[in-house]
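Structure, as C-alpha cells:
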Amino acid sequence: MKLICIGRNYTAHIEELANERPEEPVVFIKPDSAILPKEQDFYIPEFSNDVHYEVEVLVKIKKVGKHINEQFAHNYYDEIGLGIDFTARDLQAKLKEKGLPWEKAKGFDGAAVVGNWVHKSNFKDLNELNFSLIKNGKEVQKSNTSLMLWRIDELISYISMFFTLKKGDIIFTGTPSGVGRIVANDYLTGVLEGQTIFTVKIK
Ligand code: ZN
C-alpha cells in the first residue's frame with residue numbers, strides 16, 4: 001500500500017510557509033515503511049533538528065480505481081481518519097532549494113501517524129469536519145475541511161489520473177496553518193469532530 005499526500009491544500013498554511021499557491025494539487029508519496037506502528041513513540045531522527053508536525057484528515061481507499069470521476073469518488077472510501085505528516089523541515093528546505101525530491105524529509109521511518117478510523121456515516125458532511133492538534137495540552141492547529149482548496153472527492157479524482165488507487169491506500173489531505181517544531185517529551189493528540197483519534201509521544 002501507499003500513502004498519497006497532498007501539499008498546500010489550505011491557504012493559511014501556504015501563507016505561513018511563504019509558498020506559491022498551486023494551480024493543481026501538490027502530490028507526493030510516502031512509502032508504507034513511514035507508518036509509525038500503533039502505540040509506538042516517535043523518535044526524532046538524527047538527521048534533523050527541525051521536525052514539524054502537520055495534522056491532516058485521512059481517507060482510506062477501499063477498492064481499486066483509476067481515472068475516477070469526481071462524482072463517483074465517494075464509492076471508493078468508507079473510512080475517515082486523522083494523522084500526522086511529520087516533516088524534517090530543515091532537510092526539506094535544503095532539498096527544495098536545490099529542486100530535489102522531498103522524499104527523505106517526509107518519507108522517513110515513522111513520518112506518518114495514522115490514527116483510528118471512523119466510518120464516514122458518522123459524519124453529517126465530510127466537507128465540514130472540524131479537526132485539531134493539541135500539543136502538551138494546548139491547541140496548536142485547528143481547522144475545518146471546508147477550508148481545503150481541493151475537497152476529498154476532487155483529490156481522489158485528481159490523484160487517480162496519475163496513480164492507480166488500491167484497497168488500503170491512504171490519502172493525507174494536507175495540513176492547515178499552525179505547523180511547528182517538536183522536541184523530546186512533547187505529547188500530541190489529534191481530535192476529529194470532538195473524538196480523540198490518536199496520541200503520540202515524542203522521544
Ligand atoms: Zn502535509
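So you can find residues: chains in the C-alpha cells are A, B, ... in the order shown, residues in each start at 1, and ligands are numbered from 1 in order.
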Can you check which parts of stretch 121-150 of chain A lie within 9 Å of stretch 181-187 of chain A? Per residue, the shortest pair of atoms and distance in Å to one decimal, counting only C-alpha atoms, sorted by chain and number, as a tab-separated table.
residue	atom	partner	partner_atom	distance
A:Ile134	CA	A:Tyr187	CA	8.1
A:Lys135	CA	A:Tyr187	CA	5.7
A:Asn136	CA	A:Tyr187	CA	5.2
A:Gly137	CA	A:Tyr187	CA	8.1
Task: All residues 10 Å or closer to A:Ile35, only C-alpha atoms, same chain fewer than 4 positions away omitted, as an MDAnalysis selection string - done: chainID A and resid 2:3 30:31 84:85 107:114
If you keep all heavy atoms, can you produce a file of those selected residues as a JSON list (two decimals), in the first residue's frame?
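The file below, again-v4.json, is the result:
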[["chain", "number", "residue", "atom", "x", "y", "z"],
["A", 2, "LYS", "N", 0.24, 2.33, -0.34],
["A", 2, "LYS", "CA", 0.99, 3.58, -0.40],
["A", 2, "LYS", "C", 0.23, 4.71, 0.30],
["A", 2, "LYS", "O", -0.99, 4.63, 0.46],
["A", 2, "LYS", "CB", 1.27, 3.96, -1.86],
["A", 2, "LYS", "CG", 0.03, 4.09, -2.74],
["A", 2, "LYS", "CD", 0.43, 4.22, -4.21],
["A", 2, "LYS", "CE", -0.78, 4.25, -5.14],
["A", 2, "LYS", "NZ", -1.55, 2.97, -5.18],
["A", 3, "LEU", "N", 0.97, 5.72, 0.68],
["A", 3, "LEU", "CA", 0.38, 6.91, 1.29],
["A", 3, "LEU", "C", 0.52, 8.03, 0.27],
["A", 3, "LEU", "O", 1.64, 8.35, -0.15],
["A", 3, "LEU", "CB", 1.13, 7.28, 2.57],
["A", 3, "LEU", "CG", 1.37, 6.13, 3.57],
["A", 3, "LEU", "CD1", 2.28, 6.59, 4.70],
["A", 3, "LEU", "CD2", 0.05, 5.63, 4.12],
["A", 30, "LYS", "N", 4.45, 8.80, 0.35],
["A", 30, "LYS", "CA", 5.31, 8.26, 1.41],
["A", 30, "LYS", "C", 5.25, 6.74, 1.27],
["A", 30, "LYS", "O", 4.19, 6.19, 0.96],
["A", 30, "LYS", "CB", 4.77, 8.63, 2.80],
["A", 30, "LYS", "CG", 4.89, 10.09, 3.21],
["A", 30, "LYS", "CD", 4.49, 10.23, 4.68],
["A", 30, "LYS", "CE", 4.24, 11.65, 5.08],
["A", 30, "LYS", "NZ", 5.12, 12.14, 6.14],
["A", 31, "PRO", "N", 6.38, 6.05, 1.53],
["A", 31, "PRO", "CA", 6.33, 4.59, 1.47],
["A", 31, "PRO", "C", 5.58, 4.02, 2.68],
["A", 31, "PRO", "O", 5.43, 4.73, 3.69],
["A", 31, "PRO", "CB", 7.81, 4.19, 1.51],
["A", 31, "PRO", "CG", 8.47, 5.31, 2.24],
["A", 31, "PRO", "CD", 7.70, 6.56, 1.89],
["A", 84, "ILE", "N", -0.67, 12.45, 11.21],
["A", 84, "ILE", "CA", 0.36, 13.48, 11.13],
["A", 84, "ILE", "C", 1.32, 13.15, 9.99],
["A", 84, "ILE", "O", 1.74, 12.01, 9.83],
["A", 84, "ILE", "CB", 1.18, 13.59, 12.44],
["A", 84, "ILE", "CG1", 0.28, 14.02, 13.60],
["A", 84, "ILE", "CG2", 2.33, 14.59, 12.28],
["A", 84, "ILE", "CD1", 1.01, 14.12, 14.92],
["A", 85, "ASP", "N", 1.61, 14.18, 9.22],
["A", 85, "ASP", "CA", 2.64, 14.13, 8.19],
["A", 85, "ASP", "C", 3.87, 14.80, 8.81],
["A", 85, "ASP", "O", 4.04, 16.01, 8.71],
["A", 85, "ASP", "CB", 2.11, 14.88, 6.95],
["A", 85, "ASP", "CG", 3.20, 15.24, 5.94],
["A", 85, "ASP", "OD1", 4.27, 14.61, 5.97],
["A", 85, "ASP", "OD2", 2.96, 16.16, 5.13],
["A", 107, "GLY", "N", 9.39, 11.02, 3.98],
["A", 107, "GLY", "CA", 9.09, 9.58, 3.85],
["A", 107, "GLY", "C", 9.88, 8.70, 4.78],
["A", 107, "GLY", "O", 9.83, 7.47, 4.67],
["A", 108, "PHE", "N", 10.61, 9.31, 5.72],
["A", 108, "PHE", "CA", 11.46, 8.51, 6.61],
["A", 108, "PHE", "C", 10.60, 7.66, 7.56],
["A", 108, "PHE", "O", 9.40, 7.89, 7.72],
["A", 108, "PHE", "CB", 12.44, 9.43, 7.37],
["A", 108, "PHE", "CG", 11.79, 10.48, 8.24],
["A", 108, "PHE", "CD1", 11.41, 10.21, 9.54],
["A", 108, "PHE", "CD2", 11.56, 11.77, 7.73],
["A", 108, "PHE", "CE1", 10.83, 11.17, 10.34],
["A", 108, "PHE", "CE2", 10.98, 12.75, 8.53],
["A", 108, "PHE", "CZ", 10.60, 12.45, 9.84],
["A", 109, "ASP", "N", 11.25, 6.69, 8.18],
["A", 109, "ASP", "CA", 10.55, 5.76, 9.09],
["A", 109, "ASP", "C", 9.82, 6.54, 10.19],
["A", 109, "ASP", "O", 10.41, 7.40, 10.86],
["A", 109, "ASP", "CB", 11.53, 4.80, 9.75],
["A", 109, "ASP", "CG", 12.08, 3.76, 8.78],
["A", 109, "ASP", "OD1", 11.63, 3.73, 7.61],
["A", 109, "ASP", "OD2", 12.96, 2.99, 9.20],
["A", 110, "GLY", "N", 8.57, 6.26, 10.37],
["A", 110, "GLY", "CA", 7.79, 6.87, 11.45],
["A", 110, "GLY", "C", 7.17, 8.20, 11.09],
["A", 110, "GLY", "O", 6.44, 8.79, 11.89],
["A", 111, "ALA", "N", 7.42, 8.69, 9.87],
["A", 111, "ALA", "CA", 6.96, 10.03, 9.49],
["A", 111, "ALA", "C", 5.46, 10.13, 9.20],
["A", 111, "ALA", "O", 4.96, 11.21, 8.89],
["A", 111, "ALA", "CB", 7.75, 10.54, 8.29],
["A", 112, "ALA", "N", 4.77, 9.00, 9.31],
["A", 112, "ALA", "CA", 3.32, 9.04, 9.06],
["A", 112, "ALA", "C", 2.58, 8.44, 10.25],
["A", 112, "ALA", "O", 2.66, 7.24, 10.50],
["A", 112, "ALA", "CB", 2.98, 8.28, 7.78],
["A", 113, "VAL", "N", 1.87, 9.29, 10.96],
["A", 113, "VAL", "CA", 1.00, 8.80, 12.04],
["A", 113, "VAL", "C", -0.38, 8.57, 11.43],
["A", 113, "VAL", "O", -0.93, 9.45, 10.76],
["A", 113, "VAL", "CB", 0.90, 9.84, 13.18],
["A", 113, "VAL", "CG1", -0.14, 9.41, 14.21],
["A", 113, "VAL", "CG2", 2.26, 10.05, 13.82],
["A", 114, "VAL", "N", -0.90, 7.37, 11.63],
["A", 114, "VAL", "CA", -2.23, 7.03, 11.13],
["A", 114, "VAL", "C", -3.09, 6.66, 12.34],
["A", 114, "VAL", "O", -2.83, 5.66, 13.01],
["A", 114, "VAL", "CB", -2.16, 5.86, 10.13],
["A", 114, "VAL", "CG1", -3.57, 5.45, 9.69],
["A", 114, "VAL", "CG2", -1.30, 6.24, 8.92]]
Using only C-alpha atoms and all ligand atoms, tabulate the residues of chain A lying at most 6 Å from any atom of ligand 1, each with its closest atom pair and that distance in Å to one decimal, by chain and increasing residue number, as CSV.
residue,atom,partner,partner_atom_place_in_ligand_line,distance
A:Gly7,CA,ligand 1,1 (Zn),5.4
A:Glu54,CA,ligand 1,1 (Zn),5.5
A:Asp85,CA,ligand 1,1 (Zn),4.9
A:Gly174,CA,ligand 1,1 (Zn),4.7
A:Thr175,CA,ligand 1,1 (Zn),5.1
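Proximity to A:Ile80 was assessed for A:Asn19, A:Asn127, A:Thr199, A:Ser177 counting only C-alpha atoms; the smallest distance is recorded for A:Asn127.
Distance annotation: of A:Phe172, A:Lys124, A:Lys167, A:Ser132, the residue with the minimal separation from A:Phe86 is A:Phe172; atom set is only C-alpha atoms.
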Quick check for you: according to DSSP on this backbone, which residues of stretch 14-188 of chain A are classed as strand (DSSP E)? Reply as a compact mmCIF listing (two decimals) with C-alpha atoms, in the first residue's frame.
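What landed in selection_0.txt:
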# COMPACT_ATOMS: atom_id res chain seq x y z
CA VAL A 26 0.74 19.18 -4.99
CA VAL A 27 1.10 15.40 -4.67
CA PHE A 28 3.80 13.26 -3.10
CA ILE A 29 4.08 9.69 -1.85
CA LYS A 30 5.31 8.26 1.41
CA VAL A 51 10.89 18.11 12.64
CA HIS A 52 7.43 19.66 12.29
CA TYR A 53 4.02 18.18 12.99
CA VAL A 55 -2.10 17.30 11.31
CA GLU A 56 -4.17 16.08 8.35
CA VAL A 57 -7.51 14.42 7.64
CA LEU A 58 -7.01 10.93 6.16
CA VAL A 59 -9.09 8.88 3.75
CA LYS A 60 -8.71 5.12 3.36
CA ILE A 61 -9.31 3.74 -0.13
CA TYR A 77 -13.86 5.10 0.55
CA ASP A 78 -15.82 4.47 3.74
CA GLU A 79 -13.35 5.40 6.43
CA ILE A 80 -12.06 8.77 7.52
CA GLY A 81 -9.18 9.29 9.89
CA LEU A 82 -6.67 11.77 11.18
CA GLY A 83 -2.90 11.60 11.20
CA ILE A 84 0.36 13.48 11.13
CA ASP A 85 2.64 14.13 8.19
CA THR A 87 8.31 16.70 8.09
CA ALA A 88 12.02 17.31 8.59
CA ALA A 112 3.32 9.04 9.06
CA VAL A 113 1.00 8.80 12.04
CA VAL A 114 -2.23 7.03 11.13
CA VAL A 118 -14.23 6.31 11.69
CA HIS A 119 -16.92 5.23 9.24
CA ASN A 130 -13.60 20.13 12.46
CA PHE A 131 -10.20 18.82 13.44
CA SER A 132 -7.33 19.93 15.62
CA LEU A 133 -3.95 19.02 17.04
CA ILE A 134 -3.18 19.51 20.71
CA LYS A 135 0.43 19.72 21.85
CA LYS A 138 -2.51 23.40 24.11
CA GLU A 139 -4.28 23.57 20.76
CA VAL A 140 -1.71 24.33 18.03
CA GLN A 141 -3.62 23.55 14.83
CA LYS A 142 -7.34 23.88 14.28
CA SER A 143 -9.25 23.88 11.04
CA ASN A 144 -12.20 22.59 9.07
CA ILE A 170 -4.30 6.21 2.47
CA ILE A 171 -4.68 9.81 1.34
CA PHE A 172 -3.25 12.60 3.51
CA GLY A 180 5.60 23.77 14.30
CA ARG A 181 8.62 22.04 15.73
CA TYR A 187 2.74 14.82 23.63
CA LEU A 188 0.46 15.19 20.61
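If only C-alpha atoms are the atoms counted, then among A:Pro22, A:Pro101, A:Gly115, A:Gly65 the closest residue to A:Glu39 is A:Gly115.
Between A:Ile68 and the candidates A:Lys203, A:Glu154, A:Lys96, A:Ile14, the tightest atom-to-atom separation, counting only C-alpha atoms, involves A:Glu154.
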TODO: Write out as a PyMOL selection string all residues of stretch 71-105 of chain A that backbone DSSP assigns to helix (DSSP H, G or I).
DONE: chain A and resi 71-76+89-97+103-105
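Considering only C-alpha atoms, the residue among A:Pro37, A:Ile152, A:Glu193, A:Asn9 positioned nearest to A:Asn75 is A:Ile152.
Distances from A:Ala34, A:Ile156, A:Val200, A:Ala73 to A:Met1 were compared using only C-alpha atoms, and the smallest one belongs to A:Ala34.
Put simply, atom CA of A:Gln71 is 18.9 Å away from atom CA of A:Phe123.
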